[in-house]
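What follows is one structure encoded as structure tokens, with my remarks underneath.
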Number of protein chains: 2
Amino acid sequence: MAAVTSVDHDRDRDRVPKQDRSRATRQRLLEAAVACLAEHGWAGSTVSVVAERAGVSRGAAQHHFPTREDLFTAAVEYVAEERSTAIRALFPEGTAGDRRAVVAALVDLFTGPLFRAALHLWVAASDEEQLRPRVTELEARVGRETHRIAVELLAADESRPGVRETIQGLLDMARGLGLANLLTDDRGRRERVVTQWASLLDAALG
Amino acid sequence: MAAVTSVDHDRDRDRVPKQDRSRATRQRLLEAAVACLAEHGWAGSTVSVVAERAGVSRGAAQHHFPTREDLFTAAVEYVAEERSTAIRALFPEGTAGDRRAVVAALVDLFTGPLFRAALHLWVAASDEEQLRPRVTELEARVGRETHRIAVELLAADESRPGVRETIQGLLDMARGLGLANLLTDDRGRRERVVTQWASLLDAALG
């Protein structure tokens, strides 16, 4: 998504001020959309509500995102990409020194406003034909990227039998832990489960 | 929930026909409520819609369940109890002969209409103050019962360090697999993950 990559503002201000402003507007809309979805769910999330929250006119919002589906799927994808970048930055050495820390960071991907927003979108898509193919495709893409990150950071060798499924199960567990955290603060239990599963994983991955 | 236990209709018909009819009505309402929630989500699930689906008058429905929250939390609890009973019945010997089969059955608890209904209720509760404490309490109760079943059927010794967290992580994984199945049929992948984690679990539980 080239339109949301960061820009060197100082250098570009005079040359492309319009494109710059457009990028900033787009980014504000995406962030407002995720926050709105996380707080109010799909039913309470419309282009107008997000435009107001972002301080942008409805017309400008619709210029960037013609439909409600465009806005909210782009928003979840944008924040997912931001979080992918952030988790890679946490482990710049690329491979696993400390698998417990990697598992904890992977599990953290499934908490907070992004996960709440994605969950609302996901559940809404299960009932709405218009939303379903978009979200299915988005989830597959985000899921593949998360799997890739997990394999890299855990230094897992997927050519060995069972390793791929071990990582998949770990990410399913992370998703389930995210769901368990939705209504109550589940941090204490989550940390104990992470410690135990990180040690099972360590043994399984060798 | 004494009111929903099965009744020997032949024996009781003459003696307590009214209570019998009332029980049958209640049960029809609970089953219609879960189906409605699974298909239409929280926003599309009202007492009137369920009453119509169950072929019961709105007044009769409200006699059994004064509020919308009463009806839907009771419905999810009722179906969860039915499924708990069913999974215990699958393994009458009580302990684990075949851990792969037990893990598969536990994972199955988080698929189908019950899981969809519970998920809709759960996500709605995260935004609605009126629903939240009810669903939090319900989830805790159902979660404890599911954990108890898993410990029993896997013959897990929770006095050993890490075993409790191993089982908790397994149930989180099952919940995450359920979520992954919401938009697409994830059966093939799920079976491979179940096979792999059942074998890791077998090693961990001894």
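Chain labels run A, B, ... following the order of the structure tokens; each chain numbers its residues from 1, and ligands are numbered from 1 in the order shown.
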- Message: Excluding range 24-35 of chain B and its own-chain neighbours fewer than 2 positions away, which residues fall within 8 Å of it when counting only C-alpha atoms? Please give them as a list in words.
- Response: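 Residues meeting the cut-off are Val4, Asp20, Arg21, Ser22, Leu37, Ala38, Glu39, Ser45, Val50, Ala51, Arg53, Ala54, Val56, Ala61, His64, Leu71, Phe72, Ala74, Ala75, Val76, Tyr78, Val79, Pro113, Leu114 and Ala117 of chain B.
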- Mind checking which residues fall within 9 Å of range 81-86 of chain B, counting only C-alpha atoms, ignoring those fewer than 4 positions away in the same chain, and posting them as JSON, numbers by chain? {"B": [76, 77, 90, 109, 114, 142, 145, 146, 149]}
Give the helix (DSSP H, G or I) residues of range 125-179 of chain A, as assigned by DSSP on the backbone, as a PDB file with C-alpha atoms, in the first residue's frame.
ATOM      1  CA  ALA A 125     -18.715 -10.398   7.541  1.00  0.00           C
ATOM      2  CA  SER A 126     -20.126 -13.742   8.607  1.00  0.00           C
ATOM      3  CA  ASP A 127     -23.644 -12.281   8.250  1.00  0.00           C
ATOM      4  CA  ARG A 132     -17.713 -11.401   3.377  1.00  0.00           C
ATOM      5  CA  PRO A 133     -15.446 -11.882   0.309  1.00  0.00           C
ATOM      6  CA  ARG A 134     -13.498  -8.716   1.140  1.00  0.00           C
ATOM      7  CA  VAL A 135     -12.836  -9.747   4.715  1.00  0.00           C
ATOM      8  CA  THR A 136     -12.107 -13.363   3.801  1.00  0.00           C
ATOM      9  CA  GLU A 137      -9.459 -12.200   1.348  1.00  0.00           C
ATOM     10  CA  LEU A 138      -8.044  -9.664   3.823  1.00  0.00           C
ATOM     11  CA  GLU A 139      -7.818 -12.219   6.624  1.00  0.00           C
ATOM     12  CA  ALA A 140      -6.047 -14.697   4.370  1.00  0.00           C
ATOM     13  CA  ARG A 141      -3.482 -12.061   3.395  1.00  0.00           C
ATOM     14  CA  VAL A 142      -2.894 -10.830   6.947  1.00  0.00           C
ATOM     15  CA  GLY A 143      -2.806 -14.435   8.192  1.00  0.00           C
ATOM     16  CA  ARG A 144      -0.126 -15.435   5.677  1.00  0.00           C
ATOM     17  CA  GLU A 145       2.017 -12.456   6.677  1.00  0.00           C
ATOM     18  CA  THR A 146       1.654 -13.244  10.390  1.00  0.00           C
ATOM     19  CA  HIS A 147       2.613 -16.853   9.702  1.00  0.00           C
ATOM     20  CA  ARG A 148       5.694 -15.694   7.762  1.00  0.00           C
ATOM     21  CA  ILE A 149       6.739 -13.453  10.653  1.00  0.00           C
ATOM     22  CA  ALA A 150       6.284 -16.258  13.172  1.00  0.00           C
ATOM     23  CA  VAL A 151       8.380 -18.688  11.112  1.00  0.00           C
ATOM     24  CA  GLU A 152      11.156 -16.126  10.736  1.00  0.00           C
ATOM     25  CA  LEU A 153      11.287 -14.914  14.319  1.00  0.00           C
ATOM     26  CA  VAL A 163       6.579 -27.702  12.032  1.00  0.00           C
ATOM     27  CA  ARG A 164       4.143 -25.810   9.815  1.00  0.00           C
ATOM     28  CA  GLU A 165       1.170 -27.132  11.807  1.00  0.00           C
ATOM     29  CA  THR A 166       2.947 -26.388  15.085  1.00  0.00           C
ATOM     30  CA  ILE A 167       3.243 -22.716  14.093  1.00  0.00           C
ATOM     31  CA  GLN A 168      -0.336 -22.618  12.803  1.00  0.00           C
ATOM     32  CA  GLY A 169      -1.624 -24.025  16.096  1.00  0.00           C
ATOM     33  CA  LEU A 170       0.413 -21.454  18.000  1.00  0.00           C
ATOM     34  CA  LEU A 171      -1.202 -18.625  16.017  1.00  0.00           C
ATOM     35  CA  ASP A 172      -4.639 -20.166  16.538  1.00  0.00           C
ATOM     36  CA  MET A 173      -3.877 -20.185  20.269  1.00  0.00           C
ATOM     37  CA  ALA A 174      -2.849 -16.525  20.056  1.00  0.00           C
ATOM     38  CA  ARG A 175      -6.160 -15.717  18.349  1.00  0.00           C
ATOM     39  CA  GLY A 176      -8.084 -17.618  20.999  1.00  0.00           C
ATOM     40  CA  LEU A 177      -6.239 -15.773  23.752  1.00  0.00           C
ATOM     41  CA  GLY A 178      -7.196 -12.508  22.050  1.00  0.00           C
ATOM     42  CA  LEU A 179     -10.842 -13.525  22.148  1.00  0.00           C
TER      43      LEU A 179
END
- Task: Go through A:Asp108, A:Glu93, A:Asp98, A:Glu69 and flag the residue nearest Arg187 in chain A, using only C-alpha atoms for the distances.
- Result: A:Asp108
- Query: Can you tell me how far CA of Gln196 in chain A sits from CA of Thr195 in chain B, in Å to one decimal?
  - Reply: 19.5 Å
